[in-house]
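Have a look at the structure below before the remarks.
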Amino acid sequence: MKKNTTAQETILITAGTVTAELNGVNEIAKDMTLGVMNAKTISHRAGESAKGFRPITDYIEQVARDVSQAVVRISQDVSVLSRLAVSYHRYGKILKTYQCVQQEAGQAEHASSLPPVIENLERQAKEDRNRFLQNLEGLIFQLNEMKNSIRSSKVISTVSRVEAASSQAFRQSLEVVADDLEISTEKIRERVMRCNQQLTTVMAQIQREGVA
Amino acid sequence: MKSICLYNEAHQWHVFGRDSKKVKGIVDTNQYMIQSGNRCLLMDPGGIEVFASMLTAILHHVSLDEITDLFASHQDPDIISSLGLWEQALPHARLHTPRIWEGFIRHFGSTKIKYMPIPDEGDILDLNGLKLQFIPAHYLHASGNFHVYDAKAKILMSGDVGAALDHPDAPMFVEDFEAHINKMKMFHQRWMPSNRAKQDWIKRARGLEVEILAPQHGSLFKGEHVQHFLDWFEALEVGTAVA
(Lines give C-alpha, C1' and ligand atoms only; values in the text may rest on other atoms or scores of the structure.)
Protein backbone atom coordinates (compact mmCIF):
# COMPACT_ATOMS: atom_id res chain seq x y z
CA MET A 1 0.00 0.00 0.00
CA LYS A 2 1.32 3.50 -0.84
CA LYS A 3 2.80 5.40 2.07
CA ASN A 4 0.66 8.50 1.52
CA THR A 5 -2.67 6.65 1.42
CA THR A 6 -5.03 8.11 4.02
CA ALA A 7 -6.98 5.95 6.45
CA GLN A 8 -10.17 6.76 4.55
CA GLU A 9 -8.64 5.59 1.30
CA THR A 10 -7.17 2.51 2.99
CA ILE A 11 -10.56 1.49 4.39
CA LEU A 12 -12.14 1.59 0.92
CA ILE A 13 -9.54 -0.92 -0.24
CA THR A 14 -9.77 -2.89 3.02
CA ALA A 15 -13.57 -3.07 2.79
CA GLY A 16 -13.24 -4.81 -0.57
CA THR A 17 -10.67 -7.26 0.79
CA VAL A 18 -12.72 -7.98 3.93
CA THR A 19 -15.84 -8.59 1.84
CA ALA A 20 -13.92 -11.07 -0.31
CA GLU A 21 -12.56 -12.86 2.78
CA LEU A 22 -16.05 -13.05 4.28
CA ASN A 23 -17.43 -14.50 1.07
CA GLY A 24 -14.71 -17.14 1.38
CA VAL A 25 -15.79 -17.83 4.98
CA ASN A 26 -19.35 -18.26 3.80
CA GLU A 27 -18.29 -20.79 1.19
CA ILE A 28 -16.41 -22.79 3.86
CA ALA A 29 -19.51 -22.69 6.11
CA LYS A 30 -21.57 -24.09 3.22
CA ASP A 31 -19.05 -26.90 2.77
CA MET A 32 -19.26 -27.56 6.51
CA THR A 33 -23.03 -27.94 6.24
CA LEU A 34 -22.60 -30.47 3.42
CA GLY A 35 -19.97 -32.29 5.48
CA VAL A 36 -22.37 -32.46 8.42
CA MET A 37 -25.09 -34.00 6.28
CA ASN A 38 -22.58 -36.62 5.19
CA ALA A 39 -21.48 -37.22 8.80
CA LYS A 40 -25.10 -37.63 9.89
CA THR A 41 -25.66 -40.30 7.26
CA ILE A 42 -22.51 -42.15 8.29
CA SER A 43 -23.32 -42.00 12.01
CA HIS A 44 -26.86 -43.18 11.29
CA ARG A 45 -25.47 -46.18 9.40
CA ALA A 46 -22.96 -46.84 12.17
CA GLY A 47 -25.88 -47.12 14.59
CA GLU A 48 -25.20 -47.52 18.31
CA SER A 49 -21.38 -47.41 17.95
CA ALA A 50 -21.52 -43.82 16.59
CA LYS A 51 -24.15 -42.63 19.05
CA GLY A 52 -21.71 -40.17 20.66
CA PHE A 53 -21.00 -38.66 17.27
CA ARG A 54 -24.56 -37.38 16.70
CA PRO A 55 -24.57 -34.44 19.13
CA ILE A 56 -21.27 -33.45 17.56
CA THR A 57 -22.80 -33.29 14.08
CA ASP A 58 -25.64 -31.19 15.51
CA TYR A 59 -23.05 -28.89 17.01
CA ILE A 60 -21.09 -28.55 13.74
CA GLU A 61 -24.37 -27.80 11.95
CA GLN A 62 -25.07 -25.05 14.47
CA VAL A 63 -21.55 -23.61 14.06
CA ALA A 64 -21.92 -23.51 10.26
CA ARG A 65 -25.29 -21.75 10.62
CA ASP A 66 -23.88 -19.25 13.14
CA VAL A 67 -20.90 -18.50 10.89
CA SER A 68 -23.15 -17.88 7.87
CA GLN A 69 -25.40 -15.56 9.90
CA ALA A 70 -22.40 -13.69 11.30
CA VAL A 71 -21.00 -13.29 7.77
CA VAL A 72 -24.27 -11.69 6.61
CA ARG A 73 -24.27 -9.33 9.62
CA ILE A 74 -20.61 -8.40 9.33
CA SER A 75 -20.85 -7.92 5.55
CA GLN A 76 -23.68 -5.43 6.07
CA ASP A 77 -21.56 -3.57 8.61
CA VAL A 78 -18.60 -3.55 6.21
CA SER A 79 -20.85 -1.99 3.60
CA VAL A 80 -21.94 0.70 6.13
CA LEU A 81 -18.28 1.24 6.99
CA SER A 82 -17.46 1.81 3.31
CA ARG A 83 -20.20 4.43 3.06
CA LEU A 84 -18.93 6.13 6.22
CA ALA A 85 -15.40 6.03 4.82
CA VAL A 86 -16.59 7.78 1.64
CA SER A 87 -18.29 10.51 3.70
CA TYR A 88 -15.30 10.82 6.06
CA HIS A 89 -12.97 11.01 3.07
CA ARG A 90 -15.20 13.54 1.31
CA TYR A 91 -15.49 15.94 4.26
CA GLY A 92 -11.76 15.64 4.91
CA LYS A 93 -11.06 16.66 1.32
CA ILE A 94 -13.61 19.49 1.37
CA LEU A 95 -12.11 20.80 4.58
CA LYS A 96 -8.60 20.75 3.09
CA THR A 97 -9.85 22.60 -0.01
CA TYR A 98 -11.41 25.34 2.14
CA GLN A 99 -8.26 25.58 4.26
CA CYS A 100 -6.25 26.12 1.05
CA VAL A 101 -8.70 28.84 -0.02
CA GLN A 102 -8.31 30.50 3.37
CA GLN A 103 -4.55 30.63 2.89
CA GLU A 104 -4.84 31.89 -0.69
CA ALA A 105 -7.51 34.46 0.07
CA GLY A 106 -5.76 35.85 3.12
CA GLN A 107 -5.73 39.41 1.81
CA ALA A 108 -9.11 39.32 0.06
CA GLU A 109 -11.61 41.91 1.21
CA HIS A 110 -14.25 39.33 2.12
CA ALA A 111 -11.97 36.55 3.43
CA SER A 112 -13.56 36.98 6.86
CA SER A 113 -16.66 35.15 5.62
CA LEU A 114 -14.67 31.89 5.40
CA PRO A 115 -13.90 30.95 9.07
CA PRO A 116 -17.53 30.06 10.02
CA VAL A 117 -17.68 27.71 7.01
CA ILE A 118 -14.39 26.09 7.99
CA GLU A 119 -15.47 25.68 11.64
CA ASN A 120 -18.63 23.98 10.45
CA LEU A 121 -16.66 21.66 8.19
CA GLU A 122 -14.24 20.81 11.01
CA ARG A 123 -17.20 19.88 13.20
CA GLN A 124 -18.68 17.75 10.42
CA ALA A 125 -15.34 16.01 9.76
CA LYS A 126 -14.95 15.25 13.46
CA GLU A 127 -18.47 13.80 13.67
CA ASP A 128 -17.82 11.65 10.62
CA ARG A 129 -14.56 10.42 12.09
CA ASN A 130 -16.26 9.43 15.37
CA ARG A 131 -19.06 7.60 13.55
CA PHE A 132 -16.49 5.84 11.40
CA LEU A 133 -14.38 4.81 14.42
CA GLN A 134 -17.44 3.55 16.31
CA ASN A 135 -18.46 1.38 13.38
CA LEU A 136 -14.93 0.12 12.92
CA GLU A 137 -14.66 -0.84 16.60
CA GLY A 138 -17.98 -2.68 16.37
CA LEU A 139 -16.76 -4.60 13.37
CA ILE A 140 -13.51 -5.63 15.04
CA PHE A 141 -15.52 -6.78 18.07
CA GLN A 142 -17.80 -8.93 15.89
CA LEU A 143 -14.82 -10.50 14.16
CA ASN A 144 -13.29 -11.31 17.56
CA GLU A 145 -16.54 -12.98 18.60
CA MET A 146 -16.49 -15.06 15.46
CA LYS A 147 -12.88 -16.02 16.06
CA ASN A 148 -13.76 -17.16 19.60
CA SER A 149 -16.70 -19.27 18.49
CA ILE A 150 -14.48 -20.90 15.86
CA ARG A 151 -11.88 -21.65 18.53
CA SER A 152 -14.40 -23.85 20.38
CA SER A 153 -14.95 -25.83 17.16
CA LYS A 154 -11.36 -26.92 17.33
CA VAL A 155 -12.10 -28.62 20.67
CA ILE A 156 -15.08 -30.31 19.07
CA SER A 157 -12.96 -31.73 16.26
CA THR A 158 -10.71 -33.34 18.89
CA VAL A 159 -13.71 -34.79 20.68
CA SER A 160 -15.13 -36.08 17.39
CA ARG A 161 -11.85 -37.88 16.71
CA VAL A 162 -12.20 -39.69 20.07
CA GLU A 163 -15.78 -40.62 19.22
CA ALA A 164 -14.74 -41.80 15.77
CA ALA A 165 -12.25 -44.16 17.37
CA SER A 166 -15.05 -45.95 19.22
CA SER A 167 -16.87 -46.85 16.02
CA GLN A 168 -14.69 -49.57 14.52
CA ALA A 169 -16.55 -50.09 11.23
CA PHE A 170 -16.94 -46.42 10.43
CA ARG A 171 -13.84 -45.15 12.13
CA GLN A 172 -12.13 -44.07 8.89
CA SER A 173 -15.19 -42.21 7.54
CA LEU A 174 -15.81 -40.41 10.83
CA GLU A 175 -12.16 -39.47 11.07
CA VAL A 176 -12.45 -37.84 7.66
CA VAL A 177 -15.40 -35.81 9.03
CA ALA A 178 -13.29 -34.79 12.03
CA ASP A 179 -10.38 -33.85 9.72
CA ASP A 180 -12.67 -31.78 7.46
CA LEU A 181 -14.04 -29.96 10.48
CA GLU A 182 -10.55 -29.15 11.66
CA ILE A 183 -9.42 -27.94 8.23
CA SER A 184 -12.57 -25.81 7.77
CA THR A 185 -12.35 -24.18 11.17
CA GLU A 186 -8.67 -23.44 10.60
CA LYS A 187 -9.41 -21.86 7.22
CA ILE A 188 -12.20 -19.73 8.72
CA ARG A 189 -9.96 -18.72 11.61
CA GLU A 190 -7.21 -17.63 9.19
CA ARG A 191 -9.61 -15.56 7.12
CA VAL A 192 -11.20 -13.94 10.17
CA MET A 193 -7.74 -13.17 11.55
CA ARG A 194 -6.76 -11.50 8.27
CA CYS A 195 -9.93 -9.35 8.33
CA ASN A 196 -9.29 -8.44 11.93
CA GLN A 197 -5.68 -7.56 11.23
CA GLN A 198 -6.57 -5.31 8.29
CA LEU A 199 -9.26 -3.42 10.22
CA THR A 200 -6.98 -3.05 13.25
CA THR A 201 -4.33 -1.54 10.94
CA VAL A 202 -6.86 0.99 9.63
CA MET A 203 -7.88 1.83 13.20
CA ALA A 204 -4.24 2.43 14.15
CA GLN A 205 -3.74 4.60 11.07
CA ILE A 206 -6.76 6.76 11.93
CA GLN A 207 -5.54 7.19 15.48
CA ARG A 208 -2.10 8.18 14.15
CA GLU A 209 -3.58 10.67 11.67
CA GLY A 210 -5.79 12.34 14.25
CA VAL A 211 -8.71 14.53 13.12
CA ALA A 212 -9.33 14.63 9.34
CA MET B 1 -7.57 33.26 -11.74
CA LYS B 2 -8.20 36.43 -13.73
CA SER B 3 -11.25 38.50 -12.99
CA ILE B 4 -12.63 41.27 -15.20
CA CYS B 5 -15.58 43.55 -14.54
CA LEU B 6 -17.78 43.48 -17.65
CA TYR B 7 -20.38 45.97 -16.47
CA ASN B 8 -20.35 48.35 -13.55
CA GLU B 9 -23.46 50.44 -13.07
CA ALA B 10 -26.25 49.90 -10.53
CA HIS B 11 -25.33 46.23 -10.71
CA GLN B 12 -22.12 44.51 -11.79
CA TRP B 13 -21.05 41.66 -14.06
CA HIS B 14 -17.77 39.87 -13.49
CA VAL B 15 -16.08 37.16 -15.52
CA PHE B 16 -13.55 34.80 -13.91
CA GLY B 17 -11.23 32.64 -15.97
CA ARG B 18 -7.76 31.88 -17.30
CA ASP B 19 -6.92 29.98 -14.12
CA SER B 20 -3.14 29.60 -14.12
CA LYS B 21 -3.35 27.03 -11.31
CA LYS B 22 -5.76 24.67 -12.99
CA VAL B 23 -4.75 21.06 -13.52
CA LYS B 24 -3.17 20.39 -16.91
CA GLY B 25 -5.42 18.75 -19.45
CA ILE B 26 -8.74 20.16 -18.27
CA VAL B 27 -10.55 22.59 -20.52
CA ASP B 28 -10.39 26.26 -19.52
CA THR B 29 -13.70 27.75 -18.41
CA ASN B 30 -15.25 31.17 -17.88
CA GLN B 31 -17.35 31.66 -14.75
CA TYR B 32 -19.68 34.63 -14.36
CA MET B 33 -21.16 36.54 -11.46
CA ILE B 34 -23.83 39.23 -11.31
CA GLN B 35 -23.92 41.36 -8.18
CA SER B 36 -27.13 43.26 -7.55
CA GLY B 37 -27.04 45.00 -4.18
CA ASN B 38 -26.55 42.37 -1.51
CA ARG B 39 -27.50 39.49 -3.78
CA CYS B 40 -25.29 37.65 -6.23
CA LEU B 41 -25.90 35.09 -8.94
CA LEU B 42 -23.02 32.76 -9.82
CA MET B 43 -23.38 31.39 -13.34
CA ASP B 44 -21.81 28.10 -14.43
CA PRO B 45 -19.54 28.18 -11.36
CA GLY B 46 -17.25 25.51 -12.81
CA GLY B 47 -15.76 22.15 -12.01
CA ILE B 48 -14.19 20.80 -8.84
CA GLU B 49 -10.70 21.58 -10.13
CA VAL B 50 -11.30 25.32 -10.41
CA PHE B 51 -13.33 25.67 -7.20
CA ALA B 52 -10.50 26.87 -4.92
CA SER B 53 -9.28 29.48 -7.42
CA MET B 54 -12.82 30.58 -8.15
CA LEU B 55 -13.80 30.98 -4.49
CA THR B 56 -10.56 32.86 -3.77
CA ALA B 57 -11.26 35.22 -6.68
CA ILE B 58 -14.85 35.80 -5.59
CA LEU B 59 -13.85 36.74 -2.05
CA HIS B 60 -12.15 39.81 -3.49
CA HIS B 61 -15.59 41.04 -4.60
CA VAL B 62 -18.31 39.72 -2.29
CA SER B 63 -18.76 37.85 0.96
CA LEU B 64 -20.20 34.34 0.97
CA ASP B 65 -23.54 35.32 2.48
CA GLU B 66 -24.17 37.61 -0.51
CA ILE B 67 -24.14 34.68 -2.95
CA THR B 68 -27.80 33.78 -2.89
CA ASP B 69 -28.26 32.11 -6.26
CA LEU B 70 -26.42 29.72 -8.55
CA PHE B 71 -27.20 28.97 -12.16
CA ALA B 72 -26.13 25.92 -14.15
CA SER B 73 -26.84 26.19 -17.88
CA HIS B 74 -26.74 22.40 -18.07
CA GLN B 75 -25.37 19.33 -16.29
CA ASP B 76 -21.81 19.01 -17.55
CA PRO B 77 -18.97 18.58 -15.00
CA ASP B 78 -17.10 21.68 -16.18
CA ILE B 79 -20.29 23.65 -15.47
CA ILE B 80 -21.31 22.48 -12.01
CA SER B 81 -19.30 19.55 -10.61
CA SER B 82 -18.12 21.95 -7.88
CA LEU B 83 -21.67 22.08 -6.48
CA GLY B 84 -20.90 19.78 -3.53
CA LEU B 85 -18.11 22.17 -2.53
CA TRP B 86 -20.12 25.36 -3.02
CA GLU B 87 -23.02 24.18 -0.94
CA GLN B 88 -20.79 23.83 2.13
CA ALA B 89 -20.41 27.60 2.07
CA LEU B 90 -23.82 28.43 0.62
CA PRO B 91 -26.31 26.10 2.33
CA HIS B 92 -29.12 28.62 1.82
CA ALA B 93 -28.43 29.38 -1.83
CA ARG B 94 -30.79 28.30 -4.60
CA LEU B 95 -29.70 26.51 -7.76
CA HIS B 96 -31.49 27.46 -10.98
CA THR B 97 -31.07 24.73 -13.54
CA PRO B 98 -33.02 23.06 -16.38
CA ARG B 99 -35.74 20.98 -14.77
CA ILE B 100 -34.64 17.78 -16.51
CA TRP B 101 -31.17 17.79 -14.93
CA GLU B 102 -31.94 17.98 -11.21
CA GLY B 103 -31.56 14.26 -10.52
CA PHE B 104 -28.34 14.17 -12.54
CA ILE B 105 -26.75 17.23 -10.96
CA ARG B 106 -27.37 15.76 -7.51
CA HIS B 107 -24.66 13.23 -8.40
CA PHE B 108 -22.15 16.02 -7.82
CA GLY B 109 -22.38 15.47 -4.05
CA SER B 110 -25.22 17.89 -3.46
CA THR B 111 -27.59 17.29 -0.56
CA LYS B 112 -28.48 20.67 0.92
CA ILE B 113 -28.99 23.19 -1.86
CA LYS B 114 -32.49 24.17 -2.91
CA TYR B 115 -33.24 23.35 -6.54
CA MET B 116 -35.22 25.84 -8.60
CA PRO B 117 -36.10 23.93 -11.78
CA ILE B 118 -36.37 26.20 -14.82
CA PRO B 119 -39.33 25.23 -17.01
CA ASP B 120 -38.59 24.42 -20.66
CA GLU B 121 -40.01 27.73 -21.88
CA GLY B 122 -37.63 29.74 -19.64
CA ASP B 123 -38.19 32.00 -16.67
CA ILE B 124 -37.32 35.31 -15.04
CA LEU B 125 -35.17 35.69 -11.94
CA ASP B 126 -35.63 38.80 -9.83
CA LEU B 127 -32.23 39.52 -8.31
CA ASN B 128 -32.85 42.39 -5.93
CA GLY B 129 -35.02 44.16 -8.50
CA LEU B 130 -32.82 43.23 -11.47
CA LYS B 131 -34.81 41.11 -13.90
CA LEU B 132 -32.72 38.36 -15.49
CA GLN B 133 -34.13 36.13 -18.22
CA PHE B 134 -33.39 32.44 -18.52
CA ILE B 135 -33.42 32.03 -22.30
CA PRO B 136 -34.08 28.52 -23.70
CA ALA B 137 -31.13 27.09 -25.62
CA HIS B 138 -32.16 23.43 -25.67
CA TYR B 139 -29.90 21.06 -27.58
CA LEU B 140 -27.15 23.70 -27.61
CA HIS B 141 -25.59 21.46 -26.67
CA ALA B 142 -27.45 19.73 -23.81
CA SER B 143 -31.04 18.60 -24.26
CA GLY B 144 -32.06 20.93 -21.42
CA ASN B 145 -30.07 24.16 -21.67
CA PHE B 146 -30.52 27.83 -20.78
CA HIS B 147 -28.64 31.10 -21.24
CA VAL B 148 -28.92 34.19 -19.04
CA TYR B 149 -29.85 37.55 -20.52
CA ASP B 150 -29.55 40.86 -18.75
CA ALA B 151 -31.45 43.50 -20.73
CA LYS B 152 -30.00 46.35 -18.68
CA ALA B 153 -26.36 45.41 -19.17
CA LYS B 154 -27.12 43.96 -22.63
CA ILE B 155 -25.09 40.87 -21.82
CA LEU B 156 -26.07 37.39 -22.91
CA MET B 157 -24.30 34.61 -21.01
CA SER B 158 -24.41 32.01 -23.77
CA GLY B 159 -23.00 28.85 -22.20
CA ASP B 160 -21.36 26.68 -24.85
CA VAL B 161 -22.66 28.79 -27.73
CA GLY B 162 -19.75 30.92 -28.89
CA ALA B 163 -17.29 28.72 -27.02
CA ALA B 164 -13.77 28.26 -28.34
CA LEU B 165 -11.17 25.74 -27.26
CA ASP B 166 -8.34 28.20 -26.95
CA HIS B 167 -5.03 28.30 -25.09
CA PRO B 168 -5.21 29.12 -21.35
CA ASP B 169 -3.95 32.68 -21.71
CA ALA B 170 -6.21 33.63 -24.63
CA PRO B 171 -7.45 37.25 -24.58
CA MET B 172 -10.68 37.81 -22.65
CA PHE B 173 -12.31 39.41 -25.74
CA VAL B 174 -12.21 38.33 -29.37
CA GLU B 175 -9.84 40.63 -31.22
CA ASP B 176 -9.74 39.13 -34.72
CA PHE B 177 -13.01 37.38 -35.55
CA GLU B 178 -11.75 35.64 -38.71
CA ALA B 179 -8.78 34.19 -36.80
CA HIS B 180 -11.12 33.15 -33.98
CA ILE B 181 -13.30 31.01 -36.28
CA ASN B 182 -10.69 28.24 -36.36
CA LYS B 183 -10.82 27.97 -32.61
CA MET B 184 -14.59 27.48 -32.44
CA LYS B 185 -15.61 25.82 -35.69
CA MET B 186 -14.96 22.19 -34.74
CA PHE B 187 -16.44 22.75 -31.28
CA HIS B 188 -19.76 24.02 -32.66
CA GLN B 189 -19.96 21.45 -35.45
CA ARG B 190 -19.29 18.56 -33.09
CA TRP B 191 -20.91 19.63 -29.82
CA MET B 192 -24.08 21.18 -31.25
CA PRO B 193 -26.30 18.38 -32.50
CA SER B 194 -29.24 20.15 -34.16
CA ASN B 195 -29.48 22.68 -36.99
CA ARG B 196 -33.14 23.21 -36.11
CA ALA B 197 -32.30 24.02 -32.48
CA LYS B 198 -29.52 26.31 -33.65
CA GLN B 199 -31.85 28.31 -35.96
CA ASP B 200 -34.42 28.58 -33.17
CA TRP B 201 -31.77 30.04 -30.86
CA ILE B 202 -30.42 32.42 -33.55
CA LYS B 203 -33.94 33.79 -34.02
CA ARG B 204 -34.30 34.25 -30.26
CA ALA B 205 -30.85 35.86 -29.88
CA ARG B 206 -31.46 38.27 -32.76
CA GLY B 207 -34.51 39.51 -30.88
CA LEU B 208 -32.30 40.58 -27.95
CA GLU B 209 -30.13 43.64 -27.72
CA VAL B 210 -26.71 42.12 -27.04
CA GLU B 211 -23.60 44.17 -26.43
CA ILE B 212 -21.56 41.29 -25.01
CA LEU B 213 -21.99 37.61 -25.84
CA ALA B 214 -20.32 35.72 -23.00
CA PRO B 215 -19.56 32.02 -23.65
CA GLN B 216 -18.31 29.49 -21.09
CA HIS B 217 -15.04 28.78 -22.93
CA GLY B 218 -12.67 31.08 -24.75
CA SER B 219 -12.95 34.77 -25.58
CA LEU B 220 -16.08 36.90 -25.24
CA PHE B 221 -17.68 38.72 -28.18
CA LYS B 222 -18.20 42.44 -27.89
CA GLY B 223 -19.88 45.03 -30.13
CA GLU B 224 -19.83 44.15 -33.84
CA HIS B 225 -18.31 40.72 -33.13
CA VAL B 226 -21.64 39.67 -31.60
CA GLN B 227 -23.32 40.08 -35.00
CA HIS B 228 -20.35 38.47 -36.72
CA PHE B 229 -20.78 35.47 -34.51
CA LEU B 230 -24.56 35.21 -35.07
CA ASP B 231 -24.09 35.41 -38.86
CA TRP B 232 -21.30 32.83 -38.81
CA PHE B 233 -23.21 30.44 -36.53
CA GLU B 234 -26.39 30.78 -38.61
CA ALA B 235 -24.55 29.62 -41.71
CA LEU B 236 -22.66 26.81 -39.99
CA GLU B 237 -23.85 23.25 -40.40
CA VAL B 238 -23.77 21.47 -37.04
CA GLY B 239 -24.14 17.86 -35.92
CA THR B 240 -21.57 16.80 -38.46
CA ALA B 241 -20.27 13.70 -36.69
CA VAL B 242 -23.09 11.68 -38.27
CA ALA B 243 -21.89 10.50 -41.65
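To be explicit about the labels: the chains of the C-alpha coordinates are called A, B, and onward in the order shown, and within each one the residues are counted from 1, while ligands get numbers from 1 in the order they are shown.
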
Using only C-alpha atoms, select each residue of chain A with any atom at most 6 Å away from an atom of chain B, and give the selection as a PyMOL selection string.
-> chain A and resi 101+105+108-111+113+117

Spatial neighbours of Leu12 of chain A, 9 Å, only C-alpha atoms, chain gap at least 6 places, as a list in words = Leu81, Ser82, Arg83, Ala85 and Val86 of chain A

Residues of the last selection are to be written out with N, CA and C atoms, as a short mmCIF file (atom, residue, chain, number, x, y, z; two decimals), in the first residue's frame.
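Okay, selection-v2.cif is ready:
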```cif
data_model
loop_
_atom_site.label_atom_id
_atom_site.label_comp_id
_atom_site.auth_asym_id
_atom_site.auth_seq_id
_atom_site.Cartn_x
_atom_site.Cartn_y
_atom_site.Cartn_z
N LEU A 81 -19.60 0.65 6.74
CA LEU A 81 -18.28 1.24 6.99
C LEU A 81 -17.72 1.89 5.72
N SER A 82 -17.93 1.24 4.58
CA SER A 82 -17.46 1.81 3.31
C SER A 82 -18.14 3.14 3.04
N ARG A 83 -19.47 3.17 3.28
CA ARG A 83 -20.20 4.43 3.06
C ARG A 83 -19.68 5.51 3.99
N ALA A 85 -16.75 5.67 5.26
CA ALA A 85 -15.40 6.03 4.82
C ALA A 85 -15.47 7.05 3.68
N VAL A 86 -16.43 6.84 2.77
CA VAL A 86 -16.59 7.78 1.64
C VAL A 86 -16.93 9.16 2.18
#
```

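Using only C-alpha atoms for every distance, the candidate list B:Ser219, B:Gln227, B:Ser36, B:Gln199 yields B:Ser219 as the residue closest to Pro168 of chain B.
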
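For the residues B:Leu83, B:Val27, B:Ile100, B:Val238, ranking by smallest atom-to-atom distance to Asp120 of chain B using only C-alpha atoms places B:Ile100 first.
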
Nearest to Ser149 of chain A, restricted to only C-alpha atoms and choosing among A:Ala125, A:Arg54, A:Ala7, A:Val63, comes out as A:Val63

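For the pair atom CA of Glu190 of chain A and atom CA of Thr41 of chain A, the separation is 29.3 Å.
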